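Enquirer: I am sharing my_file-v2.txt, which consists of compact mmCIF, C-alpha atoms (C1' of nucleotides):
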# COMPACT_ATOMS: atom_id res chain seq x y z
CA MET A 116 30.92 164.65 -144.72
CA LYS A 117 31.69 168.34 -144.58
CA LEU A 118 34.94 170.10 -145.17
CA SER A 119 35.86 172.34 -142.23
CA THR A 120 36.77 176.00 -142.50
CA LYS A 121 40.38 174.88 -142.56
CA GLY A 122 39.89 173.33 -145.97
CA ARG A 123 37.51 175.97 -147.26
CA TYR A 124 39.45 179.05 -146.16
CA GLY A 125 42.78 177.37 -146.71
CA LEU A 126 42.19 176.59 -150.37
CA ARG A 127 41.03 180.15 -150.99
CA ALA A 128 44.12 181.42 -149.25
CA MET A 129 46.32 179.14 -151.32
CA ILE A 130 44.77 180.31 -154.59
CA ASP A 131 45.28 183.90 -153.47
CA LEU A 132 48.86 183.17 -152.46
CA ALA A 133 49.59 181.49 -155.76
CA ARG A 134 48.09 184.41 -157.63
CA TYR A 135 49.96 187.17 -155.83
CA SER A 136 53.29 185.61 -154.91
CA GLU A 137 54.90 185.68 -158.32
CA LYS A 138 56.78 188.93 -157.83
CA GLU A 139 57.13 189.14 -154.06
CA PRO A 140 56.25 187.24 -150.91
CA VAL A 141 52.62 187.58 -149.85
CA SER A 142 51.87 188.47 -146.24
CA ILE A 143 49.19 186.83 -144.14
CA SER A 144 47.59 190.21 -143.59
CA SER A 145 47.19 190.91 -147.31
CA ILE A 146 45.57 187.52 -147.92
CA ALA A 147 43.35 188.02 -144.89
CA MET A 148 42.21 191.37 -146.20
CA ARG A 149 41.52 190.24 -149.76
CA GLN A 150 39.83 187.02 -148.70
CA ASP A 151 38.10 188.39 -145.62
CA ILE A 152 39.47 185.78 -143.25
CA SER A 153 40.61 186.42 -139.67
CA GLU A 154 44.32 187.18 -139.76
CA ARG A 155 45.07 185.21 -136.61
CA TYR A 156 43.19 182.15 -137.81
CA LEU A 157 44.76 182.33 -141.25
CA GLU A 158 48.20 182.27 -139.62
CA GLN A 159 47.43 178.80 -138.35
CA LEU A 160 46.15 177.59 -141.69
CA VAL A 161 49.20 178.82 -143.55
CA GLY A 162 51.26 177.14 -140.83
CA LEU A 163 49.74 173.84 -141.91
CA LEU A 164 50.54 174.54 -145.54
CA LYS A 165 54.10 175.29 -144.56
CA LYS A 166 54.40 172.15 -142.47
CA ALA A 167 53.26 170.18 -145.49
CA GLY A 168 55.96 171.78 -147.59
CA LEU A 169 53.64 173.56 -149.99
CA VAL A 170 54.77 177.07 -149.07
CA ARG A 171 57.96 178.61 -147.77
CA SER A 172 58.15 181.56 -145.42
CA ILE A 173 60.33 184.64 -145.45
CA ARG A 174 60.52 186.24 -142.03
CA GLY A 175 60.86 189.84 -141.04
CA ALA A 176 59.51 193.05 -142.56
CA THR A 177 58.58 192.72 -146.24
CA GLY A 178 58.48 188.98 -145.55
CA GLY A 179 55.63 186.64 -146.31
CA TYR A 180 55.04 183.40 -148.11
CA VAL A 181 55.79 181.94 -151.53
CA LEU A 182 55.05 178.59 -153.13
CA THR A 183 57.76 175.95 -152.98
CA LYS A 184 56.73 174.59 -156.38
CA SER A 185 54.96 176.07 -159.36
CA ALA A 186 51.17 176.28 -159.10
CA GLY A 187 50.93 173.74 -161.88
CA GLU A 188 52.61 171.16 -159.69
CA ILE A 189 50.36 171.61 -156.66
CA SER A 190 47.02 169.84 -156.66
CA VAL A 191 43.88 170.71 -154.76
CA GLY A 192 44.37 167.36 -153.05
CA ASP A 193 47.79 168.40 -151.77
CA VAL A 194 46.28 171.53 -150.29
CA LEU A 195 43.19 169.95 -148.76
CA ARG A 196 45.07 167.04 -147.26
CA ALA A 197 47.59 169.45 -145.74
CA LEU A 198 44.74 171.32 -144.10
CA GLU A 199 42.26 168.60 -143.21
CA GLY A 200 44.74 165.88 -142.36
CA SER A 201 43.15 163.29 -144.58
CA LEU A 202 40.13 163.23 -146.81
CA GLU A 203 39.14 159.64 -146.08
CA PRO A 204 35.47 159.38 -145.10
CA VAL A 205 36.21 156.80 -142.40
CA ARG A 206 39.42 156.30 -140.45
CA CYS A 207 40.13 152.98 -142.17
CA ALA A 208 39.33 153.97 -145.74
CA ALA A 209 42.82 154.33 -147.12
CA PHE A 210 44.20 150.93 -148.02
CA TYR A 211 47.38 151.55 -146.04
CA SER A 212 45.65 152.67 -142.86
CA GLU A 213 44.76 149.74 -140.64
CA GLU A 214 44.55 152.28 -137.85
CA GLY A 215 42.65 150.81 -134.98
CA CYS A 216 40.74 148.27 -137.03
CA MET A 217 41.06 144.55 -136.34
CA ALA A 218 38.59 143.57 -139.00
CA SER A 219 40.74 143.98 -142.12
CA ASP A 220 39.29 141.02 -143.95
CA GLY A 221 35.79 140.37 -142.55
CA CYS A 222 34.64 143.95 -143.06
CA VAL A 223 32.12 144.57 -145.82
CA THR A 224 31.71 148.30 -145.47
CA LYS A 225 35.44 148.94 -145.63
CA TYR A 226 35.18 148.19 -149.34
CA VAL A 227 32.64 151.00 -149.63
CA TRP A 228 34.75 153.50 -147.71
CA GLN A 229 37.73 152.70 -149.90
CA LYS A 230 35.75 153.32 -153.08
CA ILE A 231 34.58 156.67 -151.78
CA ASN A 232 38.08 157.54 -150.65
CA ASP A 233 39.54 156.66 -154.03
CA SER A 234 37.01 158.73 -155.92
CA ILE A 235 37.59 161.77 -153.73
CA ASN A 236 41.34 161.55 -154.09
CA GLU A 237 41.11 161.06 -157.82
CA ALA A 238 38.95 164.16 -158.15
CA VAL A 239 41.10 166.45 -156.02
CA ASP A 240 44.40 165.21 -157.38
CA LYS A 241 43.64 166.07 -160.96
CA MET A 242 42.74 169.69 -160.23
CA MET A 243 45.87 171.81 -160.17
CA LEU A 244 46.29 175.20 -158.57
CA ASP A 245 47.31 177.06 -161.72
CA GLU A 246 43.97 176.27 -163.28
CA LEU A 247 42.18 177.87 -160.33
CA VAL A 248 44.46 180.89 -160.43
CA ARG A 249 43.60 181.40 -164.11
CA GLU A 250 39.94 181.06 -163.23
CA SER A 251 40.37 183.57 -160.42
CA ARG A 252 41.94 186.16 -162.74
CA ILE A 253 39.04 185.82 -165.14
CA MET A 254 36.28 185.88 -162.56
CA ASN A 255 37.85 188.57 -160.47
CA PRO A 256 40.27 190.67 -162.56
CA ASN A 257 40.68 193.44 -159.99
CA GLY A 258 41.71 191.14 -157.18
CA GLY A 259 39.77 190.59 -154.02
CA SER A 260 38.03 187.61 -152.58
CA GLU A 261 37.79 184.36 -154.47
CA ASN A 262 34.21 184.15 -153.29
CA PRO A 263 32.70 187.54 -152.61
CA LYS A 264 29.70 187.57 -150.31
CA CYS A 265 30.18 183.91 -149.57
CA ASN A 266 28.94 183.13 -146.12
CA ILE A 267 29.73 179.46 -146.26
CA MET B 1121 35.47 165.09 -144.25
CA LYS B 1122 34.40 162.24 -142.06
CA LEU B 1123 31.23 160.23 -142.17
CA SER B 1124 29.44 160.23 -138.81
CA THR B 1125 28.33 157.11 -136.95
CA LYS B 1126 24.94 157.63 -138.56
CA GLY B 1127 26.34 156.77 -141.95
CA ARG B 1128 28.73 154.11 -140.70
CA TYR B 1129 26.33 152.23 -138.45
CA GLY B 1130 23.39 152.92 -140.70
CA LEU B 1131 24.91 151.33 -143.78
CA ARG B 1132 25.87 148.25 -141.77
CA ALA B 1133 22.34 148.06 -140.41
CA MET B 1134 20.91 148.39 -143.89
CA ILE B 1135 23.09 145.58 -145.26
CA ASP B 1136 22.02 143.42 -142.33
CA LEU B 1137 18.40 144.33 -142.85
CA ALA B 1138 18.61 143.55 -146.56
CA ARG B 1139 20.25 140.23 -145.81
CA TYR B 1140 17.78 139.02 -143.20
CA SER B 1141 14.47 140.53 -144.26
CA GLU B 1142 13.75 138.25 -147.18
CA LYS B 1143 11.52 135.85 -145.23
CA GLU B 1144 10.29 137.96 -142.37
CA PRO B 1145 10.54 141.48 -140.96
CA VAL B 1146 13.76 142.18 -139.09
CA SER B 1147 13.56 143.80 -135.67
CA ILE B 1148 15.79 146.59 -134.46
CA SER B 1149 16.92 144.41 -131.56
CA SER B 1150 18.13 141.61 -133.83
CA ILE B 1151 20.13 144.01 -135.99
CA ALA B 1152 21.49 145.67 -132.88
CA MET B 1153 22.63 142.32 -131.51
CA ARG B 1154 24.25 141.09 -134.72
CA GLN B 1155 25.90 144.39 -135.51
CA ASP B 1156 26.72 145.38 -131.95
CA ILE B 1157 25.06 148.77 -132.11
CA SER B 1158 23.05 150.39 -129.31
CA GLU B 1159 19.40 149.43 -129.77
CA ARG B 1160 18.09 152.85 -128.83
CA TYR B 1161 20.47 154.64 -131.15
CA LEU B 1162 19.76 152.26 -133.99
CA GLU B 1163 16.04 153.03 -133.64
CA GLN B 1164 16.78 156.58 -134.64
CA LEU B 1165 18.91 155.58 -137.59
CA VAL B 1166 16.30 153.21 -138.96
CA GLY B 1167 13.80 156.00 -138.44
CA LEU B 1168 15.80 158.07 -140.93
CA LEU B 1169 15.84 155.21 -143.42
CA LYS B 1170 12.09 154.92 -143.07
CA LYS B 1171 11.56 158.66 -143.50
CA ALA B 1172 13.57 158.44 -146.72
CA GLY B 1173 11.30 155.65 -147.96
CA LEU B 1174 13.97 152.96 -148.09
CA VAL B 1175 12.36 150.69 -145.51
CA ARG B 1176 8.84 150.02 -144.34
CA SER B 1177 7.85 149.15 -140.78
CA ILE B 1178 5.48 146.54 -139.41
CA ARG B 1179 4.37 147.36 -135.90
CA GLY B 1180 3.54 145.08 -133.01
CA ALA B 1181 4.95 141.74 -131.87
CA THR B 1182 6.73 139.84 -134.66
CA GLY B 1183 6.97 143.19 -136.42
CA GLY B 1184 10.08 144.82 -137.73
CA TYR B 1185 11.36 146.32 -140.94
CA VAL B 1186 11.57 145.28 -144.58
CA LEU B 1187 12.96 146.98 -147.67
CA THR B 1188 10.51 148.90 -149.84
CA LYS B 1189 12.43 147.97 -152.99
CA SER B 1190 14.74 145.11 -153.87
CA ALA B 1191 18.31 145.41 -152.65
CA GLY B 1192 19.43 145.72 -156.26
CA GLU B 1193 17.49 148.94 -156.60
CA ILE B 1194 18.92 150.64 -153.52
CA SER B 1195 22.30 152.31 -153.80
CA VAL B 1196 24.82 153.07 -151.10
CA GLY B 1197 24.21 156.70 -152.01
CA ASP B 1198 20.51 156.40 -151.22
CA VAL B 1199 21.35 154.98 -147.82
CA LEU B 1200 24.11 157.43 -146.92
CA ARG B 1201 22.17 160.48 -148.04
CA ALA B 1202 19.18 159.32 -146.01
CA LEU B 1203 21.39 159.11 -142.95
CA GLU B 1204 23.80 161.99 -143.39
CA GLY B 1205 21.44 164.44 -144.99
CA SER B 1206 23.71 165.24 -147.89
CA LEU B 1207 27.16 164.15 -148.90
CA GLU B 1208 28.25 167.46 -150.34
CA PRO B 1209 31.59 168.56 -148.89
CA VAL B 1210 30.46 172.18 -148.65
CA ARG B 1211 26.94 173.52 -148.28
CA CYS B 1212 26.96 175.00 -151.77
CA ALA B 1213 28.50 172.09 -153.66
CA ALA B 1214 25.40 170.66 -155.28
CA PHE B 1215 24.58 172.65 -158.38
CA TYR B 1216 20.97 173.12 -157.28
CA SER B 1217 21.78 174.34 -153.78
CA GLU B 1218 22.35 178.07 -153.71
CA GLU B 1219 21.68 177.83 -149.99
CA GLY B 1220 22.98 180.90 -148.27
CA CYS B 1221 25.53 181.80 -150.94
CA MET B 1222 25.33 185.09 -152.79
CA ALA B 1223 28.44 184.44 -154.80
CA SER B 1224 27.10 182.01 -157.41
CA ASP B 1225 29.18 183.36 -160.26
CA GLY B 1226 32.28 184.99 -158.79
CA CYS B 1227 33.21 181.98 -156.69
CA VAL B 1228 36.26 180.03 -157.80
CA THR B 1229 36.26 177.33 -155.13
CA LYS B 1230 32.65 176.39 -155.76
CA TYR B 1231 33.86 174.72 -158.94
CA VAL B 1232 36.15 172.57 -156.80
CA TRP B 1233 33.42 171.63 -154.31
CA GLN B 1234 31.14 170.64 -157.16
CA LYS B 1235 33.75 168.35 -158.68
CA ILE B 1236 34.29 166.64 -155.34
CA ASN B 1237 30.56 166.37 -154.80
CA ASP B 1238 30.04 164.84 -158.22
CA SER B 1239 32.76 162.27 -157.74
CA ILE B 1240 31.42 161.20 -154.35
CA ASN B 1241 27.90 160.83 -155.66
CA GLU B 1242 29.05 158.93 -158.71
CA ALA B 1243 30.95 156.49 -156.51
CA VAL B 1244 28.16 155.84 -154.03
CA ASP B 1245 25.40 155.70 -156.59
CA LYS B 1246 26.92 152.89 -158.56
CA MET B 1247 27.31 150.58 -155.58
CA MET B 1248 24.08 148.70 -154.96
CA LEU B 1249 23.01 147.01 -151.76
CA ASP B 1250 22.62 143.51 -153.22
CA GLU B 1251 26.29 143.46 -154.09
CA LEU B 1252 27.17 144.16 -150.46
CA VAL B 1253 24.74 141.56 -149.20
CA ARG B 1254 26.41 138.97 -151.43
CA GLU B 1255 29.77 140.07 -150.12
CA SER B 1256 28.48 139.81 -146.57
CA ARG B 1257 27.28 136.23 -147.08
CA ILE B 1258 30.69 135.24 -148.41
CA MET B 1259 32.73 137.03 -145.77
CA ASN B 1260 30.50 136.07 -142.92
CA PRO B 1261 28.48 132.93 -143.76
CA ASN B 1262 27.25 132.32 -140.21
CA GLY B 1263 25.76 135.76 -139.79
CA GLY B 1264 26.90 138.32 -137.26
CA SER B 1265 28.50 141.69 -137.63
CA GLU B 1266 29.48 143.07 -141.00
CA ASN B 1267 32.68 144.24 -139.40
CA PRO B 1268 33.69 142.15 -136.40
CA LYS B 1269 36.04 143.83 -133.94
CA CYS B 1270 35.70 147.10 -135.78
CA ASN B 1271 36.17 149.95 -133.39
CA ILE B 1272 35.73 152.69 -135.95
C1' DT C 699 -7.80 140.06 -121.97
C1' DA C 700 -3.26 140.42 -120.32
C1' DA C 701 1.43 140.09 -121.34
C1' DA C 702 5.11 140.36 -124.37
C1' DT C 703 7.25 142.33 -128.22
C1' DA C 704 7.59 145.67 -131.34
C1' DT C 705 7.71 150.48 -133.42
C1' DC C 706 7.43 155.50 -132.58
C1' DC C 707 8.44 160.14 -130.80
C1' DT C 708 10.82 163.60 -128.22
C1' DA C 709 13.91 165.44 -124.93
C1' DG C 710 18.10 165.62 -122.49
C1' DT C 711 23.15 165.49 -122.04
C1' DA C 712 28.23 164.38 -121.70
C1' DA C 713 32.08 164.40 -124.62
C1' DT C 714 34.29 165.98 -128.55
C1' DT C 715 35.35 169.01 -132.21
C1' DT C 716 35.39 173.40 -134.39
C1' DG C 717 36.51 177.97 -135.10
C1' DC C 718 38.23 181.01 -133.58
C1' DT C 719 40.80 184.84 -130.09
C1' DA C 720 44.88 186.17 -127.41
C1' DG C 721 49.48 186.88 -125.86
C1' DG C 722 53.81 187.30 -126.75
C1' DA C 723 58.52 185.77 -128.67
C1' DA C 724 61.72 185.86 -132.67
C1' DT C 725 63.31 187.73 -137.13
C1' DT C 726 64.47 191.13 -140.47
C1' DG C 727 64.43 195.38 -143.59
C1' DA C 728 64.49 200.39 -143.52
C1' DT D 122 65.65 201.41 -133.22
C1' DC D 123 61.20 200.42 -134.84
C1' DA D 124 57.77 198.66 -137.64
C1' DA D 125 56.29 194.73 -140.02
C1' DT D 126 56.33 190.32 -140.31
C1' DT D 127 56.41 185.10 -139.05
C1' DC D 128 56.09 181.73 -135.27
C1' DC D 129 54.28 179.14 -131.30
C1' DT D 130 51.11 177.83 -127.79
C1' DA D 131 47.20 178.18 -124.88
C1' DG D 132 42.53 179.02 -124.00
C1' DC D 133 37.63 178.99 -124.75
C1' DA D 134 32.66 179.54 -126.37
C1' DA D 135 29.61 177.50 -129.54
C1' DA D 136 28.20 173.79 -132.18
C1' DT D 137 27.91 169.05 -133.15
C1' DT D 138 27.95 164.24 -132.16
C1' DA D 139 26.67 160.10 -130.18
C1' DC D 140 24.26 158.57 -127.49
C1' DT D 141 20.72 157.54 -123.19
C1' DA D 142 16.02 157.81 -121.33
C1' DG D 143 11.15 157.87 -120.79
C1' DG D 144 7.14 156.66 -122.24
C1' DA D 145 3.23 156.25 -125.80
C1' DT D 146 1.19 153.21 -129.31
C1' DA D 147 0.34 148.99 -132.01
C1' DT D 148 -0.02 143.99 -132.65
C1' DT D 149 0.47 139.07 -131.80
C1' DT D 150 0.08 135.26 -128.82
C1' DA D 151 -0.91 132.62 -124.66
Please lay out the structure from this file as structure tokens.
Expert:
Amino acid sequence: MKLSTKGRYGLRAMIDLARYSEKEPVSISSIAMRQDISERYLEQLVGLLKKAGLVRSIRGATGGYVLTKSAGEISVGDVLRALEGSLEPVRCAAFYSEEGCMASDGCVTKYVWQKINDSINEAVDKMMLDELVRESRIMNPNGGSENPKCNI
Amino acid sequence: MKLSTKGRYGLRAMIDLARYSEKEPVSISSIAMRQDISERYLEQLVGLLKKAGLVRSIRGATGGYVLTKSAGEISVGDVLRALEGSLEPVRCAAFYSEEGCMASDGCVTKYVWQKINDSINEAVDKMMLDELVRESRIMNPNGGSENPKCNI
DNA sequence: TAAATATCCTAGTAATTTGCTAGGAATTGA
DNA sequence: TCAATTCCTAGCAAATTACTAGGATATTTA
């Protein structure tokens, strides 16, 4: 039940991007430097955020990325699902996904997975990015990593 | 953010065990047959449940396993944590676990991981095993797998 | 007492997933 | 033109997962 580095790094990157993209587009390299994430790997993560429509890219020199919506309209859930694919604990946990399961009715544990799925989604969908950006400015006024010395 | 087969199979096994161990100990092989799980693999899973103190073993012929407490006193959370180790989405999400992280204060995302962790634990800790056993008897009165034809 | 049925313990291992690195093409501002 | 950027795909080592396997130990029953 662990989040991968995609989710962990990607959320940090997104907070950073939200924080620094108000005046001008933010480049991958600047996020990578501040957040201490491999530039090449981060490229791929931001690619996922773009594919999900959370960020927009500006190509060429002085290019970079900006949010497509305000930080107050983007939830942690939006970000994590864009990066991790889905947060459901089991491949059949979302009520709409019958993917590969013939049980549908006779399955007792499916009820459990759905409850877990619902509670995760509820938690992540009520945390919005602007709140985390505010937090970041307070905790780390001079900029830099959202989690200094974090080796997790 | 997926549960492994340990958690998935293990919870099914535990529901089965709770359902059939009222009169006599339940053997690994009978659970394995009903739930269609590899006997040898299931041995290991039940070993984890025993180590966590949720079941007690009776060795020798006619032996098997029984619950150490009533099914109403065992939560889904107890079972899943016994099997998966911890349900925290990131290794620093539980407020007590500073494991490997030097950030403690300056970390913005930790707040997010804690919220997710709390919501997962709240969900799994309020579902008790007896409820699932009741559900199982209704859905599947003749016994057999908790999730027939489930290939997940 | 021997056989059958259990749990118990540890090691090995193939397949999958993760967490990157690498190369290079395309775009754009100065 | 050139430097800085995004964009796209492939490859790959390390870790993890999901088992299988072998065999020791305990207990009941014939």
Enquirer: Just how far from CA of Leu1123 (chain B) is CA of Leu202 (chain A), in Å to one decimal?
Expert: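 Distance reported for this atom pair: 10.5 Å.
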Enquirer: Please identify every residue of chain A that has at least one atom no more than 10 Å from any atom of chain C, counting only C-alpha atoms (C1' of nucleotides), and report them as a PyMOL selection string.
Expert: chain A and resi 119-121+153+155-156+173-178
Enquirer: Identify which of the residues A:Ala208, A:Met254, A:Val248, A:Met243 lies closest to Ile231 (chain A), counting all atoms listed in the file when measuring atom-to-atom distances.
Expert: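 Using all atoms listed in the file, the shortest distance to Ile231 (chain A) belongs to A:Ala208.
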Enquirer: In Å, rounded to a single decimal, give me how far CA of Ala1214 (chain B) is from CA of Gln1234 (chain B).
Expert: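 Going from CA of Gln1234 (chain B) over to CA of Ala1214 (chain B), I get 6.0 Å.
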Enquirer: Once 8 Å is added on each side, what are the centre and the three edge lengths, in Å to one decimal, of the axis-aligned box enclosing the listed atoms of region 175-194 of chain A? Present them as JSON.
Expert:
{"center_x": 52.4, "center_y": 180.2, "center_z": -151.5, "size_x": 33.0, "size_y": 41.7, "size_z": 36.8}
Enquirer: Which of these residues is nearest to chain A, using all atoms listed in the file: B:Gly1197, B:Gly1263, B:Ala1243, B:Leu1249?
Expert: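 Of the candidates, the smallest distance to chain A is held by B:Ala1243.
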Enquirer: Select, as a ChimeraX atom specification, those residues of chain D with any atom no more than 12 Å from chain A (distances computed using only C-alpha atoms (C1' of nucleotides)).
Expert: /D:123-130
Enquirer: Can you work out which one of A:Met116, A:Leu126, A:Val161, A:Leu169 has the shortest atom-to-atom distance to chain B, counting all atoms listed in the file?
Expert: A:Met116
Enquirer: So what do you get for CA of Tyr1129 (chain B) versus CA of Arg1154 (chain B), distance-wise?
Expert: 11.9 Å
Enquirer: Using all atoms listed in the file, which of A:Ala133, A:Leu163, A:Met242, A:Ala147 sits nearest chain B?
Expert: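 For chain B, the nearest of the given residues is A:Met242.
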